[in-house]
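Participant: start25.txt is reproduced below (compact mmCIF, C-alpha atoms).
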# COMPACT_ATOMS: atom_id res chain seq x y z
CA MET A 794 147.98 51.23 135.23
CA ARG A 795 148.03 52.47 138.82
CA VAL A 796 149.31 56.05 138.97
CA ASP A 797 151.22 55.39 142.21
CA LEU A 798 153.60 53.12 140.25
CA PHE A 799 155.06 56.34 138.84
CA ASP A 800 155.67 58.01 142.20
CA PHE A 801 159.07 58.75 143.72
CA ASP A 802 160.54 61.06 146.37
CA LEU A 803 162.45 64.09 145.13
CA PRO A 804 164.39 66.28 147.60
CA ASP A 805 163.89 70.03 147.17
CA GLU A 806 167.62 70.52 146.61
CA ASN A 807 167.36 68.60 143.32
CA ILE A 808 164.94 71.17 141.83
CA ALA A 809 166.74 73.66 139.59
CA LEU A 810 165.77 77.32 139.98
CA ARG A 811 168.16 78.61 137.31
CA PRO A 812 169.59 76.97 134.18
CA ALA A 813 173.20 75.86 133.75
CA SER A 814 175.55 78.40 132.19
CA PRO A 815 176.53 77.91 129.46
CA ARG A 816 173.42 75.97 128.56
CA ASP A 817 175.25 72.99 127.06
CA SER A 818 177.28 72.47 130.26
CA ALA A 819 174.26 70.79 131.88
CA ARG A 820 174.64 67.14 132.81
CA LEU A 821 173.36 64.43 130.48
CA LEU A 822 172.36 61.00 131.78
CA VAL A 823 172.56 58.45 128.96
CA VAL A 824 170.08 55.60 129.42
CA ARG A 825 170.38 52.42 127.33
CA PRO A 826 167.86 49.82 128.52
CA GLY A 827 169.71 46.65 129.46
CA GLU A 828 173.12 48.34 129.31
CA GLY A 829 173.17 50.57 132.38
CA LEU A 830 173.60 54.30 132.89
CA ALA A 831 176.37 56.72 131.92
CA ASP A 832 177.02 60.26 133.18
CA HIS A 833 177.98 62.85 130.58
CA VAL A 834 177.34 66.52 129.69
CA VAL A 835 175.07 67.94 126.99
CA SER A 836 177.98 69.25 124.91
CA GLU A 837 178.95 65.60 124.29
CA LEU A 838 175.66 64.87 122.51
CA PRO A 839 177.23 64.55 119.01
CA THR A 840 179.32 61.58 120.19
CA PHE A 841 176.15 59.51 120.76
CA LEU A 842 174.73 60.15 117.29
CA LYS A 843 175.71 59.00 113.81
CA PRO A 844 175.98 60.82 110.47
CA GLY A 845 172.56 60.64 108.85
CA ASP A 846 170.65 60.74 112.12
CA ALA A 847 168.10 63.55 112.52
CA LEU A 848 167.31 65.72 115.52
CA VAL A 849 163.76 67.07 115.65
CA PHE A 850 163.26 70.32 117.60
CA ASN A 851 160.08 72.10 118.68
CA ASP A 852 160.35 75.71 117.51
CA THR A 853 157.40 77.03 119.53
CA LYS A 854 158.00 80.34 121.29
CA VAL A 855 156.87 81.00 124.87
CA ILE A 856 154.57 83.98 125.22
CA PRO A 857 153.95 85.96 128.45
CA ALA A 858 150.79 83.97 129.11
CA GLN A 859 150.43 84.61 132.85
CA LEU A 860 147.98 87.47 133.36
CA GLU A 861 147.19 89.24 136.63
CA GLY A 862 144.24 91.62 136.85
CA VAL A 863 140.76 92.24 138.19
CA ARG A 864 137.26 90.97 137.50
CA HIS A 865 134.62 93.53 136.61
CA ARG A 866 130.94 92.67 136.94
CA GLU A 867 128.00 95.03 136.63
CA GLY A 868 126.94 96.01 140.13
CA GLY A 869 129.67 93.93 141.72
CA GLU A 870 132.95 94.63 143.44
CA GLU A 871 136.31 94.25 141.70
CA VAL A 872 138.04 90.99 142.55
CA PRO A 873 141.74 90.18 141.87
CA VAL A 874 142.06 87.37 139.33
CA SER A 875 144.78 85.54 137.44
CA ALA A 876 144.57 83.68 134.15
CA THR A 877 147.09 81.36 132.54
CA LEU A 878 146.47 81.05 128.81
CA HIS A 879 147.05 77.56 127.48
CA LEU A 880 145.29 76.95 124.14
CA ARG A 881 144.51 79.45 121.41
CA LYS A 882 141.18 78.70 119.69
CA ALA A 883 140.92 81.76 117.41
CA ASP A 884 142.83 84.99 116.79
CA ASN A 885 141.08 86.59 119.79
CA VAL A 886 139.97 83.53 121.80
CA TRP A 887 142.02 81.58 124.33
CA HIS A 888 141.25 78.81 126.77
CA ALA A 889 142.82 79.61 130.13
CA PHE A 890 143.05 78.36 133.69
CA ALA A 891 141.56 81.09 135.87
CA ARG A 892 141.65 81.73 139.61
CA PRO A 893 139.69 82.09 141.80
CA GLY A 894 137.52 79.82 139.67
CA LYS A 895 134.46 80.00 141.92
CA ARG A 896 134.26 83.81 141.64
CA ILE A 897 134.35 83.95 137.84
CA LYS A 898 131.19 83.54 135.77
CA PRO A 899 130.25 83.80 132.08
CA GLY A 900 129.79 87.43 131.13
CA ASP A 901 132.43 88.72 133.54
CA VAL A 902 135.05 91.07 132.11
CA LEU A 903 138.65 90.54 133.18
CA ARG A 904 141.00 93.52 132.83
CA PHE A 905 144.79 93.36 132.81
CA VAL A 906 147.13 96.36 132.91
CA SER A 907 150.85 96.57 132.15
CA ALA A 908 153.29 97.56 134.88
CA ASP A 909 153.74 101.02 133.34
CA ARG A 910 149.91 101.42 133.10
CA ALA A 911 150.29 102.20 129.39
CA THR A 912 148.51 99.10 128.08
CA THR A 913 145.15 97.68 129.11
CA LEU A 914 143.81 94.38 127.85
CA SER A 915 140.26 93.15 128.48
CA ALA A 916 138.69 89.72 128.04
CA THR A 917 135.12 88.52 128.41
CA VAL A 918 134.45 85.14 130.01
CA GLU A 919 132.40 83.30 127.38
CA GLU A 920 132.28 79.88 129.03
CA LYS A 921 133.31 78.04 132.19
CA ARG A 922 134.80 74.63 131.51
CA GLU A 923 136.01 71.74 133.65
CA GLY A 924 138.90 72.01 136.11
CA GLY A 925 138.94 75.80 136.47
CA GLU A 926 139.26 76.36 132.72
CA VAL A 927 137.49 79.25 130.99
CA ALA A 928 137.08 80.47 127.42
CA LEU A 929 138.15 84.10 127.04
CA THR A 930 137.38 86.48 124.15
CA PHE A 931 139.81 89.40 124.10
CA ASP A 932 139.19 92.95 122.91
CA ALA A 933 142.25 92.68 120.64
CA ARG A 934 142.99 90.05 118.04
CA GLY A 935 145.83 88.61 116.00
CA GLY A 936 149.10 90.52 116.10
CA ALA A 937 147.61 93.31 118.21
CA LEU A 938 146.71 90.77 120.90
CA ASP A 939 150.19 89.26 120.75
CA GLU A 940 151.77 92.70 121.23
CA ALA A 941 149.47 93.49 124.16
CA LEU A 942 150.33 90.18 125.84
CA MET A 943 154.03 91.01 125.54
CA ARG A 944 153.40 94.21 127.55
CA VAL A 945 150.81 92.95 130.01
CA GLY A 946 151.74 89.31 130.58
CA HIS A 947 154.38 87.54 132.62
CA VAL A 948 156.47 84.48 131.85
CA PRO A 949 154.43 81.55 133.21
CA LEU A 950 157.15 79.90 135.26
CA PRO A 951 156.33 76.34 136.33
CA PRO A 952 154.73 76.11 139.80
CA TYR A 953 157.76 74.34 141.27
CA ILE A 954 159.90 77.40 140.40
CA ALA A 955 157.29 80.12 140.93
CA SER A 956 156.62 78.84 144.46
CA LYS A 957 160.28 79.46 145.36
CA ARG A 958 161.06 82.74 143.60
CA ALA A 959 159.41 85.44 141.49
CA GLU A 960 159.82 85.78 137.74
CA ASP A 961 162.50 88.30 136.75
CA GLY A 962 164.09 89.77 133.63
CA ARG A 963 166.43 86.82 133.15
CA ASP A 964 163.53 84.43 132.65
CA ARG A 965 162.41 86.02 129.39
CA ASP A 966 165.69 84.80 127.88
CA ASP A 967 166.36 81.73 130.03
CA TYR A 968 162.89 80.25 129.47
CA GLN A 969 163.18 80.35 125.67
CA THR A 970 165.08 78.14 123.24
CA ILE A 971 167.57 79.89 120.98
CA TYR A 972 165.61 78.71 117.90
CA ALA A 973 162.11 79.68 119.10
CA ARG A 974 160.13 81.40 116.35
CA GLU A 975 156.42 80.44 116.42
CA ASN A 976 154.49 82.34 119.11
CA GLY A 977 152.02 80.33 121.17
CA ALA A 978 153.56 78.23 123.94
CA VAL A 979 152.71 78.67 127.60
CA ALA A 980 155.59 76.46 128.69
CA ALA A 981 159.02 75.99 127.14
CA PRO A 982 159.98 72.74 125.39
CA THR A 983 162.64 72.40 128.06
CA ALA A 984 164.96 69.82 126.49
CA GLY A 985 165.69 72.46 123.87
CA LEU A 986 166.89 74.96 126.47
CA HIS A 987 170.25 73.13 126.56
CA PHE A 988 171.20 73.97 122.97
CA THR A 989 173.72 76.67 122.10
CA PRO A 990 174.96 77.93 118.72
CA ARG A 991 178.21 76.06 119.44
CA LEU A 992 176.38 72.76 119.98
CA LEU A 993 174.18 73.16 116.90
CA THR A 994 177.28 73.81 114.80
CA ALA A 995 179.04 70.75 116.24
CA LEU A 996 176.01 68.60 115.40
CA GLU A 997 175.90 69.93 111.84
CA GLU A 998 179.63 69.27 111.38
CA ALA A 999 179.09 65.70 112.64
CA GLY A 1000 176.55 65.08 109.88
CA ILE A 1001 173.50 65.19 112.15
CA GLU A 1002 170.50 66.68 110.36
CA GLN A 1003 168.20 69.16 112.09
CA TYR A 1004 164.47 69.61 111.53
CA PHE A 1005 161.72 71.61 113.21
CA VAL A 1006 158.11 70.96 114.12
CA THR A 1007 155.78 73.16 116.17
CA LEU A 1008 153.75 72.12 119.20
CA HIS A 1009 152.44 74.96 121.33
CA VAL A 1010 152.96 73.62 124.84
CA GLY A 1011 150.00 74.29 127.16
CA ALA A 1012 149.72 74.84 130.89
CA GLY A 1013 148.16 71.40 131.14
CA THR A 1014 151.69 70.03 131.11
CA PHE A 1015 152.03 71.23 134.74
CA LEU A 1016 148.78 69.67 135.99
CA PRO A 1017 149.17 66.70 138.32
CA VAL A 1018 147.51 63.39 137.55
CA LYS A 1019 144.77 63.20 140.18
CA ALA A 1020 143.22 59.93 139.04
CA GLU A 1021 144.24 56.67 140.69
CA ASP A 1022 144.41 54.85 137.35
CA THR A 1023 145.91 56.13 134.09
CA ASP A 1024 142.73 55.13 132.22
CA ASP A 1025 140.83 57.81 134.15
CA HIS A 1026 143.17 60.72 133.37
CA LYS A 1027 142.10 63.29 130.79
CA MET A 1028 144.86 64.99 128.80
CA HIS A 1029 144.58 68.63 127.74
CA PHE A 1030 144.96 69.31 124.05
CA GLU A 1031 147.83 71.20 122.43
CA ARG A 1032 147.99 72.57 118.89
CA GLY A 1033 150.77 71.57 116.53
CA ILE A 1034 151.93 71.22 112.96
CA VAL A 1035 154.26 68.96 110.98
CA THR A 1036 154.84 70.27 107.45
CA THR A 1037 154.88 68.10 104.35
CA GLU A 1038 158.55 68.98 103.77
CA THR A 1039 159.58 67.92 107.27
CA ALA A 1040 157.56 64.69 107.13
CA GLU A 1041 159.09 63.72 103.78
CA ALA A 1042 162.61 64.55 104.98
CA LEU A 1043 162.21 62.42 108.11
CA ASN A 1044 160.79 59.54 106.09
CA ALA A 1045 163.91 59.73 103.93
CA VAL A 1046 166.11 59.63 107.04
CA LYS A 1047 164.42 56.42 108.19
CA ALA A 1048 164.52 54.89 104.70
CA ARG A 1049 168.31 55.15 104.55
CA GLY A 1050 168.81 53.75 108.05
CA GLY A 1051 169.08 56.95 110.07
CA ARG A 1052 167.48 57.45 113.45
CA ILE A 1053 164.99 60.10 114.54
CA ILE A 1054 165.98 61.75 117.81
CA SER A 1055 163.24 63.82 119.40
CA VAL A 1056 164.42 66.83 121.38
CA GLY A 1057 161.80 66.84 124.10
CA THR A 1058 158.57 65.06 124.85
CA THR A 1059 156.62 67.74 122.96
CA SER A 1060 158.34 66.91 119.66
CA LEU A 1061 157.84 63.20 120.38
CA ARG A 1062 154.13 63.54 121.10
CA LEU A 1063 153.63 65.51 117.89
CA LEU A 1064 155.62 63.07 115.73
CA GLU A 1065 153.78 60.10 117.19
CA SER A 1066 150.47 61.89 116.51
CA ALA A 1067 151.51 62.39 112.88
CA ALA A 1068 152.80 58.84 112.31
CA ALA A 1069 150.90 56.07 110.55
CA GLU A 1070 150.83 52.51 111.88
CA ASP A 1071 153.92 51.64 109.82
CA GLY A 1072 155.83 54.65 111.21
CA THR A 1073 155.52 56.74 108.06
CA LEU A 1074 155.10 60.42 108.79
CA GLY A 1075 152.68 62.67 106.95
CA ALA A 1076 151.79 66.34 107.05
CA TRP A 1077 149.72 66.97 110.17
CA GLU A 1078 148.00 69.97 111.75
CA GLY A 1079 145.55 70.14 114.60
CA GLU A 1080 145.18 69.48 118.31
CA THR A 1081 146.68 66.44 119.96
CA GLY A 1082 145.84 64.96 123.33
CA ILE A 1083 147.93 61.82 122.90
CA PHE A 1084 148.62 60.14 126.26
CA ILE A 1085 151.57 57.74 126.17
CA THR A 1086 151.90 55.14 128.93
CA PRO A 1087 153.76 51.80 129.20
CA GLY A 1088 152.47 49.41 126.55
CA TYR A 1089 152.38 52.07 123.84
CA ARG A 1090 154.08 51.03 120.59
CA PHE A 1091 156.27 53.86 119.33
CA ARG A 1092 156.05 54.40 115.59
CA ALA A 1093 158.41 57.20 114.63
CA VAL A 1094 160.93 58.14 117.34
CA ASP A 1095 164.09 56.12 118.03
CA MET A 1096 165.77 58.24 120.73
CA LEU A 1097 164.59 60.95 123.11
CA MET A 1098 166.44 63.81 124.77
CA THR A 1099 164.43 65.06 127.74
CA ASN A 1100 164.74 66.68 131.16
CA PHE A 1101 163.78 65.00 134.44
CA HIS A 1102 160.06 65.04 135.18
CA LEU A 1103 157.63 65.28 138.09
CA PRO A 1104 156.55 62.23 140.10
CA LYS A 1105 153.25 60.75 138.90
CA SER A 1106 153.30 63.04 135.85
CA THR A 1107 152.19 62.15 132.33
CA LEU A 1108 155.76 62.86 131.20
CA PHE A 1109 157.34 60.38 133.60
CA MET A 1110 154.77 57.88 132.29
CA LEU A 1111 155.90 58.70 128.74
CA VAL A 1112 159.61 58.12 129.42
CA SER A 1113 158.70 54.92 131.26
CA ALA A 1114 156.89 53.76 128.13
CA PHE A 1115 159.96 54.65 126.07
CA CYS A 1116 162.60 52.86 128.18
CA GLY A 1117 160.61 50.68 130.57
CA LEU A 1118 159.30 51.58 134.02
CA GLU A 1119 161.99 49.77 136.00
CA THR A 1120 164.75 51.25 133.83
CA MET A 1121 163.45 54.77 134.43
CA ARG A 1122 162.92 54.24 138.15
CA ALA A 1123 166.56 53.14 138.37
CA ALA A 1124 167.68 56.08 136.23
CA TYR A 1125 165.81 58.60 138.39
CA ALA A 1126 167.13 57.04 141.60
CA HIS A 1127 170.67 57.39 140.21
CA ALA A 1128 170.00 60.98 139.13
CA ILE A 1129 168.69 61.97 142.58
CA GLU A 1130 171.54 60.24 144.40
CA THR A 1131 174.24 61.83 142.22
CA GLY A 1132 172.82 65.37 142.31
CA TYR A 1133 171.23 65.82 138.90
CA ARG A 1134 169.07 68.95 138.71
CA PHE A 1135 165.39 68.32 137.90
CA TYR A 1136 162.60 69.94 135.91
CA SER A 1137 162.48 72.85 133.47
CA TYR A 1138 165.82 74.49 134.30
CA GLY A 1139 167.49 71.21 135.20
CA ASP A 1140 169.79 68.67 133.59
CA SER A 1141 168.92 66.36 130.72
CA SER A 1142 168.87 62.73 129.70
CA LEU A 1143 169.34 60.87 126.42
CA LEU A 1144 167.08 57.83 126.21
CA PHE A 1145 167.47 54.93 123.80
CA ARG A 1146 164.16 53.23 123.01
CA LYS A 1147 163.86 49.87 124.71
CA ASP A 1148 163.00 47.95 121.53
CA VAL A 1149 165.63 49.52 119.29
Now, as a test, write the supplied structure out as structure tokens.

Facilitator:
Amino acid sequence: MRVDLFDFDLPDENIALRPASPRDSARLLVVRPGEGLADHVVSELPTFLKPGDALVFNDTKVIPAQLEGVRHREGGEEVPVSATLHLRKADNVWHAFARPGKRIKPGDVLRFVSADRATTLSATVEEKREGGEVALTFDARGGALDEALMRVGHVPLPPYIASKRAEDGRDRDDYQTIYARENGAVAAPTAGLHFTPRLLTALEEAGIEQYFVTLHVGAGTFLPVKAEDTDDHKMHFERGIVTTETAEALNAVKARGGRIISVGTTSLRLLESAAAEDGTLGAWEGETGIFITPGYRFRAVDMLMTNFHLPKSTLFMLVSAFCGLETMRAAYAHAIETGYRFYSYGDSSLLFRKDV
């Protein structure tokens, strides 16, 4: 499909720079294909679900994956560099997007220092890849590397926020779901940012089951689609896991007539990667680069809770596949006109699948 079919104009005033407070007071646009649109708030979510339905959350935890430092090269001058980690390949190896890409070569050593100068972290550039990506081998590994990143790194705010304000102390809490527990994400699974202990309790009391999968969201989620046709776009891979216990529980939900509601496009992409042709889920672990565009036949997910996405983005293509392109264009036009807040810190939507 032509990428420009997924374009739309978004005024700057619709881009959220801070989340709603409390989190579940954000607006919720309910989209039922063929039935119109309805304006609600996130705290009303339980009223749209039934006992026996299951919410599936992504429990990945955002790490301070934005690194600022200098390039060292034998006989060369020091050059300021930045690296955004996006996919862990081993306990001391990450793929990252590095800048300035033209001034970084294999064999270079990149050094990053914490603000208090107490922690130094070094990485050797092992390989230059496509699109400004590099493979970095760090001088620390495993838990020691994770601890060093906590001291040296910064929260990798999305470009549409970072271009308007600097990261601050609030972001370490704001840009993290309350149930995050598995270190490894570069970007938050933002639909989950709307949940509060109060809302989770209300869902439990309403008989809505809650399950967790893990997909470590990569920086590739922020990259624009530069191709003119969707067939020519290359997705970046992200690592995830669905356990046997979770797969079996969700299969049981479906077998008794319950619905699977994915909290976020990350959970949806992982569940669809783990689903067989008949929709049955199995244990799954690995890297997924699934690219969902209109015409895709959904196997596992019945409803989707998700924030509002960038024009011409893979995520707007995904929601257009879920509800239909014209339905989502109308929904986004309504959201813009009525002042919904877009992107990571913005409002949310609850989408009913078009063929359900």

Participant: May I have the residues within 10 Å of Leu942 of chain A as a list in words, using only C-alpha atoms and disregarding those fewer than 4 positions away in the same chain?

Facilitator: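 Those residues are Ile856, Pro857, Ala858, Gln859, Leu860, Phe905, Val906, Ser907, Thr912, Thr913, Leu914, Ala933, Gly936, Ala937, Leu938, Gly946 and His947 of chain A.
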
Participant: With segment 987-1004 of chain A as the partner and 9 Å as the cut-off, tabulate the residues of segment 808-898 of chain A that qualify, each row holding the nearest pair of atoms and their distance in Å to one decimal, using all atoms listed in the file, sorted by chain and rising number, as a tab-separated table.

Facilitator:
residue	atom	partner	partner_atom	distance
A:Pro812	CA	A:His987	CA	8.6
A:Ala813	CA	A:His987	CA	8.2
A:Pro815	CA	A:Thr989	CA	8.0
A:Arg816	CA	A:His987	CA	4.7
A:Asp817	CA	A:His987	CA	5.0
A:Ser818	CA	A:His987	CA	8.0
A:Ala819	CA	A:His987	CA	7.1
A:Val835	CA	A:His987	CA	7.1
A:Ser836	CA	A:Leu992	CA	6.3
A:Glu837	CA	A:Leu992	CA	8.7
A:Leu838	CA	A:Leu996	CA	8.0
A:Pro839	CA	A:Leu996	CA	5.6
A:Thr840	CA	A:Ala999	CA	8.6
A:Leu842	CA	A:Ile1001	CA	7.3
A:Lys843	CA	A:Ile1001	CA	6.8
A:Pro844	CA	A:Gly1000	CA	4.3
A:Gly845	CA	A:Ile1001	CA	5.7
A:Asp846	CA	A:Ile1001	CA	5.3
A:Ala847	CA	A:Glu1002	CA	4.5
A:Leu848	CA	A:Gln1003	CA	4.9
A:Val849	CA	A:Tyr1004	CA	4.9
A:Phe850	CA	A:Tyr1004	CA	6.2
A:Asn851	CA	A:Tyr1004	CA	8.8

Participant: Please report, as lines of an AutoDock Vina configuration file, the centre and edge lengths in Å to one decimal of an axis-aligned box covering all listed atoms of segment 857-876 of chain A with 6 Å per side.

Facilitator:
center_x = 140.4
center_y = 89.8
center_z = 135.9
size_x = 39.0
size_y = 24.3
size_z = 27.0

Participant: Which one of A:Leu810, A:Ala1076, A:Leu903, A:Met794 sits closest to Ala955 of chain A if you count only C-alpha atoms?

Facilitator: A:Leu810

Participant: Considering all atoms listed in the file, return as JSON, numbers by chain whatever protein or nucleic-acid residues lie within 12 Å of Arg825 of chain A, sequence-local ones (same chain, fewer than 6 positions apart) excluded.

Facilitator: {"A": [831, 832, 841, 1095, 1096, 1097, 1115, 1116, 1117, 1120, 1121, 1123, 1124, 1142, 1143, 1144, 1145, 1146, 1147, 1148, 1149]}

Participant: Which of these residues is nearest to Thr1058 of chain A, using all atoms listed in the file: A:Glu1031, A:Phe1005, A:Ala984, A:Ala1045?

Facilitator: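 The closest residue to Thr1058 of chain A is A:Ala984.
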
Participant: May I ask for the distance between atom CA of Leu880 of chain A and atom CA of Thr1107 of chain A, given in Å to one decimal place?

Facilitator: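 Atom CA of Thr1107 of chain A lies 18.3 Å from atom CA of Leu880 of chain A.
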
Participant: Atom CA of Gly1132 of chain A to atom CA of Val1018 of chain A: how many Å, to one decimal?

Facilitator: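 Separation between atom CA of Gly1132 of chain A and atom CA of Val1018 of chain A: 25.8 Å.
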
Participant: From the list A:Arg1092, A:Thr970, A:Ser1060, A:Glu960, which residue is nearest Val1006 of chain A when using only C-alpha atoms?

Facilitator: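 Nearest candidate to Val1006 of chain A out of A:Arg1092, A:Thr970, A:Ser1060, A:Glu960: A:Ser1060.
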
Participant: Rank nothing, just name the residue among A:Ile954, A:Leu1103, A:Leu822, A:Ile1085 nearest to Asp1024 of chain A, using all atoms listed in the file.

Facilitator: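 Closest to Asp1024 of chain A of all the choices is A:Ile1085.
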
Participant: Identify, on the basis of all atoms listed in the file, every residue whose closest approach to Ala978 of chain A does not exceed 9 Å; exclude the query and any residue fewer than 3 positions from it along the same chain; express the result as a count of residues only.

Facilitator: 16

Participant: Tell me, as a VMD selection string, which residues lie within 9 Å of Pro951 of chain A, counting only C-alpha atoms; anything in the same chain fewer than 4 positions away does not count.

Facilitator: chain A and resid 955 to 956 980 1012 1015 1136 to 1137

Participant: Could you check which of A:Gly925, A:Pro949, A:Gly1050, A:Gly962 is closest to Arg896 of chain A, using all atoms listed in the file?

Facilitator: A:Gly925

Participant: When you draw a straight line from atom CA of Leu1061 of chain A to atom CA of Leu1118 of chain A, how long is it in Å?

Facilitator: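 According to the coordinates, atom CA of Leu1061 of chain A and atom CA of Leu1118 of chain A are separated by 18.0 Å.
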
Participant: Report as a VMD selection string all protein, DNA and RNA residues lying within 12 Å of Pro804 of chain A, evaluated on all atoms listed in the file, omitting residues in the same chain fewer than 4 positions from it.

Facilitator: chain A and resid 808 to 809 1103 to 1104 1126 1128 to 1130 1132 to 1135

Participant: Measuring atom to atom with all atoms listed in the file, identify which of A:Leu986, A:Val1094, A:Leu821, A:Ala916 is nearest to Asn885 of chain A.

Facilitator: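 Closest residue, counting all atoms listed in the file: A:Ala916.
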